[in-house]
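Only one structure is covered here, and it is reproduced in the block below.
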Number of protein chains: 2
Amino acid sequence: MSAAQTRQHIVEAADRLFYERGFEATSFADIAVEVKLSRGNFYYHFKTKDEILGAVISVRLEKTREMLNVWAAEGREPGERIRSFIQMLIMNRAKIMLYGCPVGTLCSELAKLDHVAKDDAGKLFTLFRDWLASQFSALGRKKDADNLAMHILMRSQGVASLATVFRDEAFIRREVDDMTAWLEAQRPAN
Amino acid sequence: MSAAQTRQHIVEAADRLFYERGFEATSFADIAVEVKLSRGNFYYHFKTKDEILGAVISVRLEKTREMLNVWAAEGREPGERIRSFIQMLIMNRAKIMLYGCPVGTLCSELAKLDHVAKDDAGKLFTLFRDWLASQFSALGRKKDADNLAMHILMRSQGVASLATVFRDEAFIRREVDDMTAWLEAQRPAN
DNA sequence: GTCTATACGAAGATAGAC
DNA sequence: GTCTATCTTCGTATAGAC
């Protein structure tokens, strides 16, 4: 196994465990077991836990950029692209009901830990925010595009949060419909 | 110092630290330092960390019930009472921007830990949910009162989440105004 | 590049003196 | 009811053999 491959496996396992169990609650041993590596070898690839976190955030940023590019390419108009964002709540509903939003819960945990990487994790939100704002601009809402982006981000976070507490899929679907209706109402009058 | 007093001090300190640092990240030693107790003595009052968590949730449930009773007594009509809930975001904005919503972040952490007390923590949300639903019923929206309650709970969670990430007080105020306007629009036509 | 062995400190928890 | 001392386990991290 090449070092690059092993490293990638470590980051993938860490990414999943940080999401499902939380950053603090995930130990080196947990990740090592997952990747079928000895703890000793583990340190060949990553010196500290913060280093793994940095790599995980880095990978998440890259995957998010790719996803936003796909949505931009596939959507024929801004409204359709924003709906791709909204639909994430449906697509990932099973995991969201168990572990919440991967971005929101990580940022929340790092904020409490006052962790050095908390601002880096926040960049994940900034990616969505800027992309959504540019879609609202294209929709003809240039002046308040950022406010609208923050509003829809806010809703997705709120839905994820309550979906985890109440394990209620009908609630998710209801709020997704409501967000979609809200989105339609944001199109400027011709 | 009586045992009851000491116990209360422990729970108060734990409550604050669990909120500010998270449950996992808070150690017995952290709480003991805060209360100026030796770790040994600490175990006279609480045998396990989960026991402290149980006491903290218990106290929070009681304080929440009291707060809701005050809002119900002070508000002259349901709309005013619901606005008391919305205004929490403004009242607690400084702490929310640092640590998020105390209820939402605790539930999120316990969900990831798959902690035995996760459902008890969820009861905090249920208190707000039921209270809000009864206010929407009184407002004349009996049929969809629970959906409206969940919607406004969702918004408050979303606002708290993004407020922590972006440390943006203007965003909080904007969304509070938007929630208040939304609330006015929910009054059934006469 | 992977392993075993091990050091070291932090955290949860207990025993027993005062 | 509070203390010190101690035990154990776990988590981070290192050294060095293969």
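Just so we're on the same page: first chain in the structure tokens is A, next is B, and so on; residues restart at 1 for each chain, and ligands are numbered from 1 in the order they show up.
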Contact residues (chain A, partner chain C, 9 Å, only C-alpha atoms (C1' of nucleotides)) as a list in words: Met1, Ser2, Ala3, Leu37, Ser38, Gly40, Asn41 and Tyr44 of chain A
Go ahead and dump the residues you just picked, all heavy atoms, as a PDB file, in the first residue's frame.
ATOM      1  N   MET A   1       0.857  -1.209   0.000  1.00  0.00           N
ATOM      2  CA  MET A   1       0.000   0.000   0.000  1.00  0.00           C
ATOM      3  C   MET A   1       0.888   1.253   0.000  1.00  0.00           C
ATOM      4  O   MET A   1       1.735   1.417   0.860  1.00  0.00           O
ATOM      5  CB  MET A   1      -0.881  -0.005   1.257  1.00  0.00           C
ATOM      6  CG  MET A   1      -1.811   1.158   1.332  1.00  0.00           C
ATOM      7  SD  MET A   1      -3.410   0.842   0.614  1.00  0.00           S
ATOM      8  CE  MET A   1      -4.089  -0.345   1.787  1.00  0.00           C
ATOM      9  N   SER A   2       0.663   2.124  -0.932  1.00  0.00           N
ATOM     10  CA  SER A   2       1.471   3.351  -0.984  1.00  0.00           C
ATOM     11  C   SER A   2       1.070   4.285   0.156  1.00  0.00           C
ATOM     12  O   SER A   2      -0.045   4.193   0.688  1.00  0.00           O
ATOM     13  CB  SER A   2       1.257   4.059  -2.323  1.00  0.00           C
ATOM     14  OG  SER A   2       0.038   4.752  -2.312  1.00  0.00           O
ATOM     15  N   ALA A   3       1.994   5.172   0.481  1.00  0.00           N
ATOM     16  CA  ALA A   3       1.735   6.110   1.578  1.00  0.00           C
ATOM     17  C   ALA A   3       0.526   6.995   1.261  1.00  0.00           C
ATOM     18  O   ALA A   3      -0.306   7.259   2.131  1.00  0.00           O
ATOM     19  CB  ALA A   3       2.972   6.958   1.832  1.00  0.00           C
ATOM     20  N   LEU A  37      -4.873  -0.438  10.761  1.00  0.00           N
ATOM     21  CA  LEU A  37      -3.474  -0.030  10.888  1.00  0.00           C
ATOM     22  C   LEU A  37      -3.092  -0.096  12.360  1.00  0.00           C
ATOM     23  O   LEU A  37      -3.948   0.098  13.222  1.00  0.00           O
ATOM     24  CB  LEU A  37      -3.295   1.426  10.437  1.00  0.00           C
ATOM     25  CG  LEU A  37      -2.922   1.742   8.998  1.00  0.00           C
ATOM     26  CD1 LEU A  37      -2.701   3.240   8.858  1.00  0.00           C
ATOM     27  CD2 LEU A  37      -1.686   0.978   8.580  1.00  0.00           C
ATOM     28  N   SER A  38      -1.846  -0.343  12.645  1.00  0.00           N
ATOM     29  CA  SER A  38      -1.405  -0.254  14.028  1.00  0.00           C
ATOM     30  C   SER A  38      -1.296   1.225  14.396  1.00  0.00           C
ATOM     31  O   SER A  38      -1.083   2.067  13.529  1.00  0.00           O
ATOM     32  CB  SER A  38      -0.051  -0.915  14.205  1.00  0.00           C
ATOM     33  OG  SER A  38       0.949  -0.109  13.635  1.00  0.00           O
ATOM     34  N   GLY A  40       1.016   2.624  15.910  1.00  0.00           N
ATOM     35  CA  GLY A  40       2.375   3.078  15.625  1.00  0.00           C
ATOM     36  C   GLY A  40       2.505   3.570  14.200  1.00  0.00           C
ATOM     37  O   GLY A  40       2.979   4.687  13.939  1.00  0.00           O
ATOM     38  N   ASN A  41       2.039   2.756  13.281  1.00  0.00           N
ATOM     39  CA  ASN A  41       2.130   3.117  11.861  1.00  0.00           C
ATOM     40  C   ASN A  41       1.346   4.381  11.570  1.00  0.00           C
ATOM     41  O   ASN A  41       1.713   5.188  10.707  1.00  0.00           O
ATOM     42  CB  ASN A  41       1.600   1.963  11.016  1.00  0.00           C
ATOM     43  CG  ASN A  41       1.804   2.218   9.539  1.00  0.00           C
ATOM     44  OD1 ASN A  41       2.600   3.051   9.167  1.00  0.00           O
ATOM     45  ND2 ASN A  41       1.077   1.496   8.719  1.00  0.00           N
ATOM     46  N   TYR A  44       3.137   7.485  11.421  1.00  0.00           N
ATOM     47  CA  TYR A  44       3.976   7.716  10.253  1.00  0.00           C
ATOM     48  C   TYR A  44       3.290   8.698   9.312  1.00  0.00           C
ATOM     49  O   TYR A  44       3.936   9.500   8.655  1.00  0.00           O
ATOM     50  CB  TYR A  44       4.265   6.392   9.542  1.00  0.00           C
ATOM     51  CG  TYR A  44       5.012   6.556   8.252  1.00  0.00           C
ATOM     52  CD1 TYR A  44       6.387   6.762   8.245  1.00  0.00           C
ATOM     53  CD2 TYR A  44       4.340   6.524   7.039  1.00  0.00           C
ATOM     54  CE1 TYR A  44       7.069   6.926   7.058  1.00  0.00           C
ATOM     55  CE2 TYR A  44       5.011   6.686   5.851  1.00  0.00           C
ATOM     56  CZ  TYR A  44       6.375   6.883   5.859  1.00  0.00           C
ATOM     57  OH  TYR A  44       7.051   7.058   4.679  1.00  0.00           O
TER      58      TYR A  44
END
Quick one: contact table of chain A to chain D, 10 Å max, nearest atom pair and distance in Å to one decimal per residue, counting only C-alpha atoms (C1' of nucleotides), chain and number order, as CSV?
residue,atom,partner,partner_atom,distance
A:Thr26,CA,D:DG11,C1',9.9
A:Ser27,CA,D:DG11,C1',6.7
A:Phe28,CA,D:DG11,C1',7.5
A:Ala29,CA,D:DG11,C1',8.1
A:Arg39,CA,D:DA13,C1',9.9
A:Gly40,CA,D:DT14,C1',8.8
A:Tyr43,CA,D:DA13,C1',8.1
A:Lys47,CA,D:DA13,C1',8.0
A:Thr48,CA,D:DT12,C1',7.9
A:Lys49,CA,D:DT12,C1',8.4
Requested write-out: N, CA and C atoms of the selected residues, as a PDB file, in the first residue's frame:
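Saved as selection31.pdb:
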ATOM      1  N   THR A  26     -13.659  10.877  19.040  1.00  0.00           N
ATOM      2  CA  THR A  26     -12.959   9.929  18.168  1.00  0.00           C
ATOM      3  C   THR A  26     -11.490   9.875  18.548  1.00  0.00           C
ATOM      4  N   SER A  27     -11.014   8.675  18.877  1.00  0.00           N
ATOM      5  CA  SER A  27      -9.604   8.533  19.263  1.00  0.00           C
ATOM      6  C   SER A  27      -8.772   8.024  18.082  1.00  0.00           C
ATOM      7  N   PHE A  28      -7.465   8.185  18.214  1.00  0.00           N
ATOM      8  CA  PHE A  28      -6.553   7.627  17.215  1.00  0.00           C
ATOM      9  C   PHE A  28      -6.815   6.139  17.040  1.00  0.00           C
ATOM     10  N   ALA A  29      -7.016   5.462  18.149  1.00  0.00           N
ATOM     11  CA  ALA A  29      -7.245   4.012  18.111  1.00  0.00           C
ATOM     12  C   ALA A  29      -8.480   3.691  17.273  1.00  0.00           C
ATOM     13  N   ARG A  39      -1.458   1.494  15.697  1.00  0.00           N
ATOM     14  CA  ARG A  39      -1.383   2.891  16.110  1.00  0.00           C
ATOM     15  C   ARG A  39      -0.011   3.481  15.796  1.00  0.00           C
ATOM     16  N   GLY A  40       1.016   2.624  15.910  1.00  0.00           N
ATOM     17  CA  GLY A  40       2.375   3.078  15.625  1.00  0.00           C
ATOM     18  C   GLY A  40       2.505   3.570  14.200  1.00  0.00           C
ATOM     19  N   TYR A  43       1.138   7.008  13.133  1.00  0.00           N
ATOM     20  CA  TYR A  43       1.904   8.235  13.353  1.00  0.00           C
ATOM     21  C   TYR A  43       2.925   8.499  12.259  1.00  0.00           C
ATOM     22  N   LYS A  47       1.115  13.206  12.500  1.00  0.00           N
ATOM     23  CA  LYS A  47       1.796  13.406  13.781  1.00  0.00           C
ATOM     24  C   LYS A  47       0.825  13.722  14.915  1.00  0.00           C
ATOM     25  N   THR A  48      -0.202  14.493  14.630  1.00  0.00           N
ATOM     26  CA  THR A  48      -1.150  14.900  15.674  1.00  0.00           C
ATOM     27  C   THR A  48      -2.594  14.784  15.174  1.00  0.00           C
ATOM     28  N   LYS A  49      -3.504  14.797  16.104  1.00  0.00           N
ATOM     29  CA  LYS A  49      -4.930  14.714  15.773  1.00  0.00           C
ATOM     30  C   LYS A  49      -5.376  15.962  15.000  1.00  0.00           C
TER      31      LYS A  49
END
Check every residue of chain B for an atom within 10 Å of chain A, counting only C-alpha atoms, and provide those that qualify as a PyMOL selection string. chain B and resi 17-22+24-26+97-101+104-105+107-114+118-119+121-123+125-126+147+150-166+171+174-175+178
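Our summary of the geometry notes that CA of Asp15 (chain B) is positioned 18.2 Å from CA of Arg93 (chain B).
One distance worth recording is that between CA of Met67 (chain B) and CA of Ala32 (chain B), which is 28.7 Å.
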Alpha helix (DSSP H) positions in region 1-54 of chain B, given as JSON, numbers by chain: {"B": [3, 4, 5, 6, 7, 8, 9, 10, 11, 12, 13, 14, 15, 16, 17, 18, 19, 20, 21, 28, 29, 30, 31, 32, 33, 34, 35, 39, 40, 41, 42, 43, 44, 45, 49, 50, 51, 52, 53, 54]}
